[in-house]
>>> print(open('upload_0.cif').read())   # mmCIF, C-alpha atoms
data_final
loop_
_atom_site.label_atom_id
_atom_site.label_comp_id
_atom_site.auth_asym_id
_atom_site.auth_seq_id
_atom_site.Cartn_x
_atom_site.Cartn_y
_atom_site.Cartn_z
CA MET A 1 23.53 22.57 -32.13
CA ILE A 2 20.98 23.62 -34.77
CA ASN A 3 19.91 20.02 -35.30
CA ALA A 4 19.57 19.55 -31.55
CA ILE A 5 17.34 22.62 -31.27
CA ILE A 6 15.19 21.42 -34.18
CA LYS A 7 14.77 18.04 -32.47
CA ILE A 8 13.67 19.70 -29.25
CA PHE A 9 11.08 21.82 -31.05
CA ARG A 10 9.66 18.67 -32.57
CA THR A 11 8.97 17.08 -29.19
CA LYS A 12 5.39 16.96 -27.96
CA GLU A 13 6.27 19.13 -24.95
CA ALA A 14 7.74 21.87 -27.14
CA LEU A 15 4.80 21.77 -29.55
CA SER A 16 2.39 21.88 -26.60
CA LEU A 17 4.21 24.91 -25.19
CA ILE A 18 4.31 26.67 -28.56
CA GLY A 19 0.58 26.04 -28.98
CA SER A 20 -0.12 27.48 -25.56
CA LEU A 21 2.16 30.44 -26.29
CA THR A 22 0.31 31.10 -29.53
CA SER A 23 -3.10 31.11 -27.82
CA ALA A 24 -1.77 33.25 -25.02
CA PHE A 25 -0.14 35.72 -27.41
CA TYR A 26 -3.40 36.30 -29.22
CA GLY A 27 -5.31 36.43 -25.94
CA LEU A 28 -2.90 38.99 -24.52
CA ALA A 29 -2.74 41.06 -27.69
CA ASN A 30 -6.53 41.09 -28.02
CA PHE A 31 -6.84 42.04 -24.34
CA MET A 32 -4.44 44.95 -24.78
CA ILE A 33 -6.22 46.27 -27.87
CA LEU A 34 -9.75 45.87 -26.48
CA ALA A 35 -8.74 47.62 -23.25
CA ARG A 36 -7.80 50.61 -25.38
CA ILE A 37 -10.65 50.74 -27.91
CA LEU A 38 -13.52 50.00 -25.51
CA THR A 39 -14.82 52.10 -22.65
CA LEU A 40 -14.08 50.87 -19.13
CA GLU A 41 -17.72 49.77 -18.81
CA ASP A 42 -17.81 47.90 -22.13
CA PHE A 43 -14.47 46.23 -21.45
CA GLY A 44 -15.88 44.99 -18.15
CA ARG A 45 -18.95 43.61 -19.97
CA TRP A 46 -16.66 41.81 -22.44
CA GLN A 47 -14.71 40.21 -19.60
CA ILE A 48 -17.99 39.09 -17.99
CA LEU A 49 -19.05 37.48 -21.30
CA LEU A 50 -15.76 35.57 -21.54
CA ALA A 51 -15.76 34.50 -17.89
CA THR A 52 -19.38 33.32 -17.85
CA ALA A 53 -19.09 31.51 -21.19
CA ALA A 54 -15.93 29.75 -20.01
CA PHE A 55 -17.67 28.65 -16.82
CA ILE A 56 -20.60 27.05 -18.64
CA GLU A 57 -18.23 25.40 -21.10
CA MET A 58 -16.63 23.66 -18.13
CA ILE A 59 -19.78 21.56 -17.77
CA ARG A 60 -19.07 19.97 -21.13
CA PHE A 61 -15.31 19.86 -20.70
CA GLY A 62 -15.65 18.41 -17.22
CA VAL A 63 -17.87 15.53 -18.25
CA THR A 64 -16.06 14.59 -21.47
CA GLU A 65 -12.55 16.00 -21.80
CA HIS A 66 -10.58 14.44 -18.95
CA ALA A 67 -12.33 11.09 -19.25
CA THR A 68 -11.82 10.98 -23.03
CA ILE A 69 -8.13 11.84 -22.79
CA LYS A 70 -7.61 9.38 -19.96
CA TYR A 71 -9.28 6.37 -21.57
CA LEU A 72 -8.14 6.98 -25.15
CA SER A 73 -4.48 6.89 -24.09
CA GLY A 74 -4.50 3.08 -23.79
CA ALA A 75 -7.60 2.08 -25.79
CA THR A 76 -7.79 -0.44 -28.66
CA ALA A 77 -8.88 0.67 -32.14
CA ASP A 78 -12.52 -0.40 -31.61
CA ALA A 79 -12.65 1.09 -28.12
CA ARG A 80 -11.29 4.36 -29.49
CA LYS A 81 -14.13 4.62 -32.00
CA SER A 82 -16.79 4.02 -29.36
CA LEU A 83 -15.18 6.43 -26.88
CA ILE A 84 -14.83 9.21 -29.47
CA GLY A 85 -18.44 8.70 -30.61
CA ALA A 86 -19.73 8.72 -27.03
CA ASN A 87 -17.66 11.82 -26.29
CA TYR A 88 -19.24 13.65 -29.24
CA ARG A 89 -22.83 12.70 -28.33
CA ILE A 90 -22.46 13.67 -24.68
CA GLY A 91 -20.51 16.83 -25.49
CA PHE A 92 -22.97 18.12 -28.08
CA LEU A 93 -25.96 17.48 -25.79
CA LEU A 94 -24.23 19.31 -22.94
CA THR A 95 -23.52 22.21 -25.30
CA LEU A 96 -27.03 22.39 -26.79
CA LEU A 97 -29.01 22.34 -23.54
CA PRO A 98 -27.24 25.27 -21.78
CA ALA A 99 -27.30 27.28 -25.03
CA LEU A 100 -31.07 26.83 -25.34
CA LEU A 101 -31.58 27.67 -21.67
CA VAL A 102 -29.55 30.87 -21.94
CA PHE A 103 -31.43 31.86 -25.13
CA ILE A 104 -34.84 31.31 -23.50
CA LEU A 105 -33.91 33.15 -20.31
CA GLY A 106 -32.58 36.00 -22.42
CA LEU A 107 -35.98 36.36 -24.09
CA ILE A 108 -38.03 36.07 -20.88
CA PHE A 109 -35.94 38.50 -18.82
CA LYS A 110 -34.81 40.75 -21.66
CA ASP A 111 -35.51 44.06 -19.91
CA ALA A 112 -33.85 43.13 -16.63
CA ILE A 113 -30.80 41.67 -18.38
CA SER A 114 -30.35 44.72 -20.61
CA HIS A 115 -29.59 46.85 -17.54
CA SER A 116 -27.04 44.43 -16.10
CA GLY A 117 -23.41 43.65 -16.92
CA PHE A 118 -24.51 40.26 -18.30
CA ASP A 119 -26.39 41.51 -21.36
CA LEU A 120 -23.67 40.53 -23.86
CA PHE A 121 -23.55 37.01 -22.48
CA PHE A 122 -27.26 36.30 -22.99
CA VAL A 123 -27.11 37.59 -26.57
CA TRP A 124 -23.94 35.93 -27.82
CA TYR A 125 -23.25 32.84 -25.71
CA PRO A 126 -25.68 30.47 -27.52
CA LEU A 127 -24.02 31.20 -30.86
CA ILE A 128 -20.50 30.96 -29.43
CA ALA A 129 -21.28 27.60 -27.79
CA LEU A 130 -23.02 25.86 -30.70
CA LEU A 131 -20.95 27.17 -33.59
CA GLY A 132 -17.67 26.70 -31.75
CA PHE A 133 -18.36 23.16 -30.50
CA PRO A 134 -16.68 21.22 -33.35
CA ALA A 135 -13.43 23.16 -32.98
CA ARG A 136 -13.35 22.78 -29.19
CA ASN A 137 -14.12 19.07 -29.41
CA THR A 138 -11.32 18.71 -31.95
CA SER A 139 -8.85 20.14 -29.45
CA THR A 140 -9.83 17.47 -26.91
CA LEU A 141 -9.33 14.63 -29.40
CA LEU A 142 -6.03 16.00 -30.68
CA GLN A 143 -4.73 16.33 -27.12
CA SER A 144 -5.66 12.70 -26.37
CA GLU A 145 -3.47 11.70 -29.32
CA MET A 146 -0.76 14.21 -28.32
CA ARG A 147 -1.02 15.82 -31.77
CA PHE A 148 0.17 19.16 -30.50
CA GLY A 149 1.37 20.24 -33.93
CA ASP A 150 -2.21 20.10 -35.22
CA ILE A 151 -3.41 21.92 -32.10
CA LEU A 152 -0.88 24.63 -32.96
CA ILE A 153 -2.44 24.94 -36.42
CA LEU A 154 -5.88 25.33 -34.84
CA ASN A 155 -4.62 28.00 -32.47
CA LEU A 156 -3.08 29.94 -35.34
CA SER A 157 -6.19 29.77 -37.50
CA GLN A 158 -8.42 30.71 -34.55
CA GLY A 159 -6.48 33.70 -33.38
CA THR A 160 -4.81 35.31 -36.38
CA LEU A 161 -7.83 36.78 -38.16
CA PHE A 162 -9.45 38.12 -34.98
CA PHE A 163 -6.17 39.71 -33.93
CA LEU A 164 -5.73 41.30 -37.36
CA LEU A 165 -9.27 42.67 -37.22
CA LEU A 166 -8.67 44.28 -33.83
CA ALA A 167 -5.31 45.63 -34.97
CA VAL A 168 -6.95 47.33 -37.98
CA LEU A 169 -9.61 48.85 -35.72
CA TYR A 170 -7.02 50.14 -33.25
CA PHE A 171 -4.38 51.52 -35.59
CA GLY A 172 -6.99 52.82 -38.04
CA GLN A 173 -8.77 54.47 -35.08
CA TYR A 174 -12.12 53.08 -36.21
CA SER A 175 -15.06 53.21 -33.82
CA VAL A 176 -17.23 50.07 -33.64
CA SER A 177 -19.71 48.75 -31.10
CA ILE A 178 -18.90 45.86 -28.83
CA ASN A 179 -21.64 43.82 -30.55
CA VAL A 180 -19.76 44.07 -33.86
CA ILE A 181 -16.67 42.65 -32.15
CA ALA A 182 -18.74 39.79 -30.69
CA PHE A 183 -20.23 39.07 -34.13
CA ALA A 184 -16.75 38.88 -35.66
CA GLU A 185 -15.70 36.40 -32.96
CA VAL A 186 -18.70 34.18 -33.77
CA VAL A 187 -17.97 34.25 -37.52
CA LEU A 188 -14.35 33.23 -37.01
CA LEU A 189 -15.32 30.44 -34.59
CA THR A 190 -17.73 29.12 -37.21
CA LEU A 191 -15.07 29.10 -39.93
CA ASN A 192 -12.69 27.23 -37.65
CA SER A 193 -15.35 24.64 -36.81
CA PHE A 194 -16.16 24.10 -40.48
CA ALA A 195 -12.45 23.50 -41.15
CA CYS A 196 -12.29 20.88 -38.36
CA MET A 197 -15.36 19.13 -39.76
CA ALA A 198 -13.95 19.17 -43.31
CA LEU A 199 -10.72 17.59 -42.04
CA LYS A 200 -12.79 15.03 -40.06
CA TRP A 201 -10.94 15.94 -36.87
CA ASP A 202 -13.99 16.74 -34.75
CA GLY A 203 -15.15 13.15 -34.12
CA LEU A 204 -18.58 13.41 -35.76
CA ARG A 205 -17.93 10.42 -38.03
CA PHE A 206 -17.53 8.16 -34.98
CA VAL A 207 -20.93 8.97 -33.46
CA ARG A 208 -22.43 5.78 -34.93
CA TYR A 209 -19.87 3.69 -33.02
CA ALA A 210 -20.90 5.07 -29.62
CA THR A 211 -21.90 2.37 -27.14
CA LYS A 212 -23.71 2.40 -23.84
CA GLU A 213 -20.60 1.04 -22.16
CA ALA A 214 -18.46 3.89 -23.52
CA ARG A 215 -21.03 6.52 -22.47
CA GLU A 216 -21.22 5.09 -18.96
CA LYS A 217 -17.43 4.97 -18.71
CA ILE A 218 -17.11 8.63 -19.65
CA LEU A 219 -19.99 9.72 -17.42
CA LYS A 220 -18.74 7.75 -14.41
CA PHE A 221 -15.40 9.53 -14.46
CA GLY A 222 -16.81 12.77 -15.81
CA LYS A 223 -19.31 13.37 -13.03
CA TYR A 224 -16.42 14.11 -10.68
CA ALA A 225 -14.20 15.78 -13.25
CA SER A 226 -17.04 18.14 -14.23
CA ILE A 227 -17.46 19.26 -10.63
CA THR A 228 -13.72 19.79 -10.42
CA LEU A 229 -13.42 21.77 -13.65
CA MET A 230 -16.52 23.86 -12.97
CA GLY A 231 -15.17 24.56 -9.51
CA SER A 232 -11.77 25.50 -10.91
CA ASN A 233 -13.38 27.86 -13.40
CA LEU A 234 -15.69 29.21 -10.72
CA LEU A 235 -12.61 30.18 -8.76
CA ARG A 236 -11.78 32.60 -11.59
CA SER A 237 -15.30 33.55 -12.68
CA ALA A 238 -16.76 34.11 -9.20
CA ASP A 239 -14.52 37.11 -8.68
CA SER A 240 -15.84 38.81 -11.84
CA TRP A 241 -19.48 37.98 -11.05
CA LEU A 242 -19.33 39.11 -7.45
CA ILE A 243 -17.44 42.30 -8.34
CA THR A 244 -20.12 43.07 -10.98
CA LEU A 245 -22.94 42.58 -8.46
CA SER A 246 -21.12 44.45 -5.68
CA PRO A 247 -21.15 48.22 -5.10
CA LEU A 248 -17.96 48.45 -7.20
CA GLY A 249 -19.74 47.47 -10.47
CA PRO A 250 -18.55 46.30 -13.94
CA ALA A 251 -15.84 48.97 -14.21
CA ALA A 252 -14.01 47.31 -11.31
CA VAL A 253 -14.09 44.04 -13.27
CA ALA A 254 -12.00 45.74 -15.95
CA VAL A 255 -9.43 46.81 -13.34
CA TYR A 256 -9.31 43.36 -11.73
CA SER A 257 -8.94 41.66 -15.12
CA ILE A 258 -5.45 43.15 -15.56
CA PRO A 259 -3.66 40.99 -12.95
CA LEU A 260 -5.82 38.04 -14.07
CA LYS A 261 -4.32 38.47 -17.54
CA LEU A 262 -0.86 38.18 -16.01
CA MET A 263 -1.99 34.95 -14.33
CA GLU A 264 -3.06 33.69 -17.75
CA ILE A 265 0.48 34.33 -18.98
CA LEU A 266 1.84 32.19 -16.14
CA GLN A 267 -0.74 29.56 -17.07
CA ILE A 268 0.91 29.13 -20.48
CA PRO A 269 3.75 26.84 -19.38
CA LEU A 270 1.52 25.40 -16.67
CA ARG A 271 -1.09 24.24 -19.19
CA SER A 272 1.42 22.96 -21.70
CA VAL A 273 3.35 20.92 -19.14
CA SER A 274 0.19 19.52 -17.53
CA ALA A 275 -1.24 18.67 -20.98
CA THR A 276 1.61 16.20 -21.49
CA ALA A 277 1.96 15.17 -17.85
CA TYR A 278 -1.66 14.07 -17.37
CA PRO A 279 -1.71 11.35 -20.07
CA ALA A 280 1.74 10.17 -18.92
CA MET A 281 0.63 9.96 -15.26
CA SER A 282 -2.59 8.19 -16.25
CA LYS A 283 -0.65 5.63 -18.26
CA SER A 284 1.78 5.09 -15.38
CA HIS A 285 -1.18 4.53 -13.07
CA GLU A 286 -2.58 1.88 -15.42
CA GLU A 287 0.83 0.19 -15.30
CA GLY A 288 1.05 0.49 -11.51
CA ASP A 289 4.15 2.67 -11.79
CA PHE A 290 3.60 5.02 -8.84
CA LEU A 291 7.31 5.82 -8.74
CA ASN A 292 7.09 7.54 -12.11
CA ILE A 293 3.91 9.38 -11.09
CA ARG A 294 5.76 10.75 -8.08
CA TYR A 295 8.69 11.77 -10.26
CA ILE A 296 6.42 13.58 -12.72
CA PHE A 297 4.58 15.29 -9.85
CA ASN A 298 7.74 16.50 -8.06
CA SER A 299 9.72 17.45 -11.16
CA ARG A 300 6.99 19.46 -12.87
CA ILE A 301 6.04 21.44 -9.76
CA GLY A 302 9.67 22.16 -8.90
CA PHE A 303 10.58 23.03 -12.49
CA LEU A 304 7.66 25.43 -12.98
CA THR A 305 8.08 27.08 -9.57
CA LEU A 306 11.74 27.82 -10.28
CA ALA A 307 10.82 29.10 -13.74
CA PHE A 308 8.11 31.41 -12.34
CA ILE A 309 10.27 33.10 -9.69
CA PRO A 310 12.13 35.59 -11.96
CA ALA A 311 8.91 36.67 -13.69
CA ILE A 312 7.11 37.13 -10.37
CA ILE A 313 9.93 39.20 -8.90
CA PHE A 314 9.90 41.45 -11.99
CA ALA A 315 6.12 41.90 -11.81
CA VAL A 316 6.19 42.78 -8.10
CA VAL A 317 8.99 45.33 -8.56
CA PHE A 318 7.65 46.93 -11.76
CA PRO A 319 3.81 46.74 -11.56
CA GLU A 320 3.19 50.19 -13.09
CA PHE A 321 5.26 49.31 -16.15
CA LEU A 322 3.31 46.09 -16.76
CA ILE A 323 -0.09 47.70 -16.20
CA ARG A 324 0.75 50.39 -18.77
CA ILE A 325 1.69 47.70 -21.30
CA LEU A 326 -1.34 45.48 -20.62
CA ALA A 327 -4.10 48.09 -20.48
CA GLY A 328 -2.79 51.64 -20.76
CA LYS A 329 -1.84 54.37 -18.33
CA GLU A 330 -5.45 55.37 -17.62
CA TYR A 331 -5.90 52.17 -15.62
CA LEU A 332 -3.23 53.35 -13.18
CA LEU A 333 -5.54 56.25 -12.31
CA SER A 334 -8.64 54.11 -11.76
CA SER A 335 -10.05 53.42 -8.31
CA GLY A 336 -9.48 50.16 -6.47
CA SER A 337 -5.69 50.36 -5.82
CA PRO A 338 -4.77 48.72 -9.15
CA VAL A 339 -1.02 48.59 -8.42
CA LEU A 340 -1.42 46.87 -5.04
CA VAL A 341 -4.00 44.44 -6.44
CA PHE A 342 -1.58 43.63 -9.26
CA GLN A 343 1.30 42.95 -6.84
CA ILE A 344 -0.78 40.71 -4.57
CA MET A 345 -2.16 38.68 -7.48
CA THR A 346 1.39 38.28 -8.81
CA LEU A 347 2.48 36.66 -5.55
CA TYR A 348 -0.48 34.31 -5.89
CA GLY A 349 1.14 33.03 -9.10
CA ILE A 350 3.93 31.24 -7.22
CA LEU A 351 1.33 28.84 -5.78
CA LEU A 352 -0.17 27.87 -9.15
CA PRO A 353 2.10 24.89 -10.02
CA PHE A 354 1.52 23.14 -6.68
CA ASP A 355 -2.24 23.65 -6.80
CA LYS A 356 -2.48 22.58 -10.45
CA PHE A 357 -0.51 19.37 -10.14
CA THR A 358 -2.18 18.15 -6.96
CA GLY A 359 -5.39 18.20 -9.01
CA VAL A 360 -3.79 16.58 -12.07
CA ALA A 361 -2.30 13.80 -9.94
CA LEU A 362 -5.59 13.06 -8.15
CA ASP A 363 -7.37 12.66 -11.50
CA ALA A 364 -4.55 10.52 -12.90
CA ILE A 365 -4.69 8.03 -10.00
CA ASP A 366 -8.47 7.65 -10.37
CA LYS A 367 -9.44 9.81 -7.41
CA PRO A 368 -11.42 12.59 -9.11
CA ASN A 369 -13.84 12.56 -6.16
CA LEU A 370 -11.08 13.83 -3.86
CA ASN A 371 -10.11 16.46 -6.41
CA SER A 372 -13.75 17.59 -6.46
CA ILE A 373 -13.73 17.96 -2.68
CA LYS A 374 -10.49 19.93 -2.87
CA VAL A 375 -11.91 22.35 -5.43
CA PHE A 376 -15.23 22.67 -3.58
CA VAL A 377 -13.41 23.74 -0.39
CA MET A 378 -11.42 26.26 -2.44
CA VAL A 379 -14.59 27.71 -3.99
CA VAL A 380 -16.26 28.13 -0.60
CA THR A 381 -13.15 29.81 0.78
CA ASN A 382 -12.93 32.15 -2.19
CA VAL A 383 -16.61 33.14 -2.23
CA LEU A 384 -16.68 33.86 1.50
CA GLY A 385 -13.49 35.90 1.17
CA ASP A 386 -14.90 37.86 -1.79
CA ILE A 387 -18.18 38.60 0.00
CA ILE A 388 -16.34 39.95 3.02
CA ALA A 389 -13.93 41.97 0.85
CA LEU A 390 -16.58 43.46 -1.46
CA TRP A 391 -19.58 44.10 0.76
CA LEU A 392 -17.88 44.74 4.08
CA PHE A 393 -14.74 46.58 2.91
CA GLU A 394 -15.59 47.37 -0.76
CA SER A 395 -12.01 46.45 -1.59
CA LEU A 396 -10.42 44.81 -4.64
CA VAL A 397 -7.31 44.29 -2.52
CA GLY A 398 -9.35 42.01 -0.27
CA VAL A 399 -10.45 39.99 -3.31
CA ALA A 400 -6.80 39.49 -4.27
CA ILE A 401 -5.92 38.35 -0.76
CA ALA A 402 -8.79 35.85 -0.85
CA SER A 403 -7.22 34.37 -4.00
CA ILE A 404 -4.02 33.61 -2.11
CA LEU A 405 -5.92 32.09 0.80
CA PHE A 406 -8.05 29.69 -1.25
CA THR A 407 -4.99 28.53 -3.23
CA ILE A 408 -3.09 27.74 -0.05
CA VAL A 409 -6.08 25.81 1.31
CA GLY A 410 -6.42 23.80 -1.91
CA SER A 411 -2.71 23.03 -2.15
CA VAL A 412 -2.53 21.75 1.42
CA LEU A 413 -5.65 19.62 1.01
CA GLY A 414 -4.50 18.17 -2.31
CA PHE A 415 -1.09 17.28 -0.89
CA TYR A 416 -2.76 15.59 2.09
CA TYR A 417 -4.88 13.42 -0.23
CA LEU A 418 -1.86 12.40 -2.35
CA LYS A 419 0.73 11.91 0.36
CA LYS A 420 -0.20 8.33 1.21
CA ASP A 421 -0.51 6.97 -2.33
CA LEU A 422 2.61 8.64 -3.72
CA ASP A 423 4.73 8.80 -0.55
CA LEU A 424 5.33 12.49 -1.19
CA LYS A 425 7.97 14.58 0.55
CA LEU A 426 7.80 18.37 0.29
CA TYR A 427 11.58 18.71 0.47
CA SER A 428 11.96 16.60 -2.71
CA ILE A 429 10.04 18.93 -5.00
CA ILE A 430 12.50 21.78 -5.59
CA PRO A 431 15.63 19.55 -5.94
CA THR A 432 13.79 17.29 -8.40
CA GLY A 433 12.60 20.33 -10.34
CA ALA A 434 16.14 21.73 -10.38
CA LYS A 435 17.38 18.46 -11.89
CA LEU A 436 14.71 18.66 -14.59
CA LEU A 437 15.80 22.23 -15.34
CA GLN A 438 19.34 20.94 -15.68
CA TYR A 439 18.12 18.16 -17.99
CA GLN A 440 16.33 20.77 -20.13
CA ILE A 441 19.59 22.65 -20.63
CA MET A 442 21.49 19.45 -21.33
CA SER A 443 18.83 18.39 -23.82
CA LEU A 444 20.18 20.99 -26.23
CA LEU A 445 22.96 18.51 -26.84
CA LYS A 446 20.87 15.34 -26.65
CA LYS A 447 18.17 13.70 -28.71
CA ASP A 448 15.74 12.59 -26.02
CA SER A 449 13.35 14.89 -24.24
CA PRO A 450 14.04 15.09 -20.49
CA PHE A 451 10.29 15.12 -19.84
CA ASP A 452 10.20 11.46 -20.92
CA LYS A 453 12.84 10.42 -18.40
CA LYS A 454 11.73 8.00 -15.70
CA GLN A 455 13.38 7.80 -12.32
#
>>> encode(input="upload_0.cif", output="structure tokens")
Amino acid sequence: MINAIIKIFRTKEALSLIGSLTSAFYGLANFMILARILTLEDFGRWQILLATAAFIEMIRFGVTEHATIKYLSGATADARKSLIGANYRIGFLLTLLPALLVFILGLIFKDAISHSGFDLFFVWYPLIALLGFPARNTSTLLQSEMRFGDILILNLSQGTLFFLLLAVLYFGQYSVSINVIAFAEVVLLTLNSFACMALKWDGLRFVRYATKEAREKILKFGKYASITLMGSNLLRSADSWLITLSPLGPAAVAVYSIPLKLMEILQIPLRSVSATAYPAMSKSHEEGDFLNIRYIFNSRIGFLTLAFIPAIIFAVVFPEFLIRILAGKEYLLSSGSPVLVFQIMTLYGILLPFDKFTGVALDAIDKPNLNSIKVFVMVVTNVLGDIIALWLFESLVGVAIASILFTIVGSVLGFYYLKKDLDLKLYSIIPTGAKLLQYQIMSLLKKDSPFDKKQ
């Protein structure tokens, strides 16, 4: 039994999940500490910095990440060198230009920005983007090679020191400004990037092999993937931005970020499973094996949905308990109906696997344009819902309801686009997922990973 468990934890799926769990643990722990050592206003500003930085990063990730992972999975040795080099050139340029633009705008509109909730972003984003680029690019390349053990090492090195710093500040009851915390984040990102460069994991040494053909290949696919990823990130970031600009202000962003943190916890298995499913589906598409794509699609959605149900029920029944753990009891007393918002956003979590994998499947079968349309419709639905909720009703509850609506719209549209190519049947998803869950249990006694099984 012990040997069987060890074998399972050596599989790429287990390593991917452990890596995601590690990142999420640090993210959650840091969230919990910062919510307690920062004022409500400063914590809202920190969340705006993270959300806005993540959105701009999606420009780079959208153009390069999915295309690089997709084409590297079946590339020859020479093609790999040119693709990695092209990925680095495009990625660095798309990191440098936004960073310079943000820096210049921060200087020109310094006074106006200083009185907004976006002041931290304009000060720190350029440094975060440029100094953190090598480490983030390394993660893309390691994922394309399914080197999830090395990704786990990166996650540990990235998160441990920052977590320890925050823990010392919290338990030692030290008082520091939010700018000191941002500076510490930049320093640790820089150290991690230097380590990736020293190990030659970041792809810089392949820049000289970049070809026009490789650049065009990445850009052709990436132009749609970038729209999709930016749209997906906008679905999360738009809420924070609009809440900040609304009559509710940055303090309401802090309240709304609590259920979003729970959604990030649910994203842990979702990201780890999709990280291994996407290359597998892309490879099956190259081989013309649509039967296996359909199996992966049905089994992963069904498996994750069944796995989410107990956690969602617990969160709906005990919202006060979870809010106290995540942010502290004072957040229960804040305005904006935090408990009801938390419960509604928890129900939204049950829709995440279906929405996620309709997008993954569309990219894998070379239809990123349809995935872009899907995400664009979701963004429009979400923004309109937020505007109505915030300016007409001044309600965070309405924002949460809008999240459920746009996810339903996106899931239905994605399924419609995929139905013809994959011959999908809704009634097959849960039974196929239940079989995969059974395989997972049986895998304790077997050598092979059930995620690799074709049907």
>>> closest_residue(input="upload_0.cif", among="A:Phe183, A:Ile227, A:Gly302, A:Ser272", to="Lys374 (chain A)", atoms="all atoms listed in the file")
A:Ile227
>>> atom_distance(input="upload_0.cif", atom1="CA of Phe92 (chain A)", atom2="CA of Leu50 (chain A)")
20.0 Å
>>> resolve_selection(input="upload_0.cif", expression="the PyMOL selection byres ((chain A and resi 156-158) around 8)", output="compact mmCIF listing (two decimals) with C-alpha atoms, in the frame of the given file")
# COMPACT_ATOMS: atom_id res chain seq x y z
CA THR A 22 0.31 31.10 -29.53
CA SER A 23 -3.10 31.11 -27.82
CA LEU A 152 -0.88 24.63 -32.96
CA ILE A 153 -2.44 24.94 -36.42
CA LEU A 154 -5.88 25.33 -34.84
CA ASN A 155 -4.62 28.00 -32.47
CA GLY A 159 -6.48 33.70 -33.38
CA THR A 160 -4.81 35.31 -36.38
CA LEU A 161 -7.83 36.78 -38.16
CA PHE A 162 -9.45 38.12 -34.98
CA LEU A 188 -14.35 33.23 -37.01
CA LEU A 189 -15.32 30.44 -34.59
CA ASN A 192 -12.69 27.23 -37.65
>>> resolve_selection(input="upload_0.cif", expression="the PyMOL selection byres ((chain A and resi 33) around 8)", output="number ranges by chain")
A: 29-32, 34-37, 166-167, 170, 327
>>> closest_residue(input="upload_0.cif", among="A:Met281, A:Ala389, A:Val168, A:Ala315", to="Phe297 (chain A)", atoms="all atoms listed in the file")
A:Met281
>>> closest_residue(input="upload_0.cif", among="A:Leu164, A:Ile90, A:Ala77, A:Cys196", to="Gly62 (chain A)", atoms="only C-alpha atoms")
A:Ile90
>>> closest_residue(input="upload_0.cif", among="A:Ile293, A:Leu21, A:Met146, A:Ala434", to="Ile365 (chain A)", atoms="only C-alpha atoms")
A:Ile293
>>> residues_around(input="upload_0.cif", residues="Ile265 (chain A)", least_positions_apart="6", cutoff="12 Å", atoms="only C-alpha atoms", output="VMD selection string")
chain A and resid 17 20 to 29 31 258 to 259 271 to 272 308 311 to 312 315 326 346 349 352
>>> write_last_selection(input="upload_0.cif", atoms="C-alpha atoms", output="PDB file, in the coordinates of the input")
ATOM      1  CA  LEU A  17       4.210  24.910 -25.190  1.00  0.00           C
ATOM      2  CA  SER A  20      -0.120  27.480 -25.560  1.00  0.00           C
ATOM      3  CA  LEU A  21       2.160  30.440 -26.290  1.00  0.00           C
ATOM      4  CA  THR A  22       0.310  31.100 -29.530  1.00  0.00           C
ATOM      5  CA  SER A  23      -3.100  31.110 -27.820  1.00  0.00           C
ATOM      6  CA  ALA A  24      -1.770  33.250 -25.020  1.00  0.00           C
ATOM      7  CA  PHE A  25      -0.140  35.720 -27.410  1.00  0.00           C
ATOM      8  CA  TYR A  26      -3.400  36.300 -29.220  1.00  0.00           C
ATOM      9  CA  GLY A  27      -5.310  36.430 -25.940  1.00  0.00           C
ATOM     10  CA  LEU A  28      -2.900  38.990 -24.520  1.00  0.00           C
ATOM     11  CA  ALA A  29      -2.740  41.060 -27.690  1.00  0.00           C
ATOM     12  CA  PHE A  31      -6.840  42.040 -24.340  1.00  0.00           C
ATOM     13  CA  ILE A 258      -5.450  43.150 -15.560  1.00  0.00           C
ATOM     14  CA  PRO A 259      -3.660  40.990 -12.950  1.00  0.00           C
ATOM     15  CA  ARG A 271      -1.090  24.240 -19.190  1.00  0.00           C
ATOM     16  CA  SER A 272       1.420  22.960 -21.700  1.00  0.00           C
ATOM     17  CA  PHE A 308       8.110  31.410 -12.340  1.00  0.00           C
ATOM     18  CA  ALA A 311       8.910  36.670 -13.690  1.00  0.00           C
ATOM     19  CA  ILE A 312       7.110  37.130 -10.370  1.00  0.00           C
ATOM     20  CA  ALA A 315       6.120  41.900 -11.810  1.00  0.00           C
ATOM     21  CA  LEU A 326      -1.340  45.480 -20.620  1.00  0.00           C
ATOM     22  CA  THR A 346       1.390  38.280  -8.810  1.00  0.00           C
ATOM     23  CA  GLY A 349       1.140  33.030  -9.100  1.00  0.00           C
ATOM     24  CA  LEU A 352      -0.170  27.870  -9.150  1.00  0.00           C
TER      25      LEU A 352
END
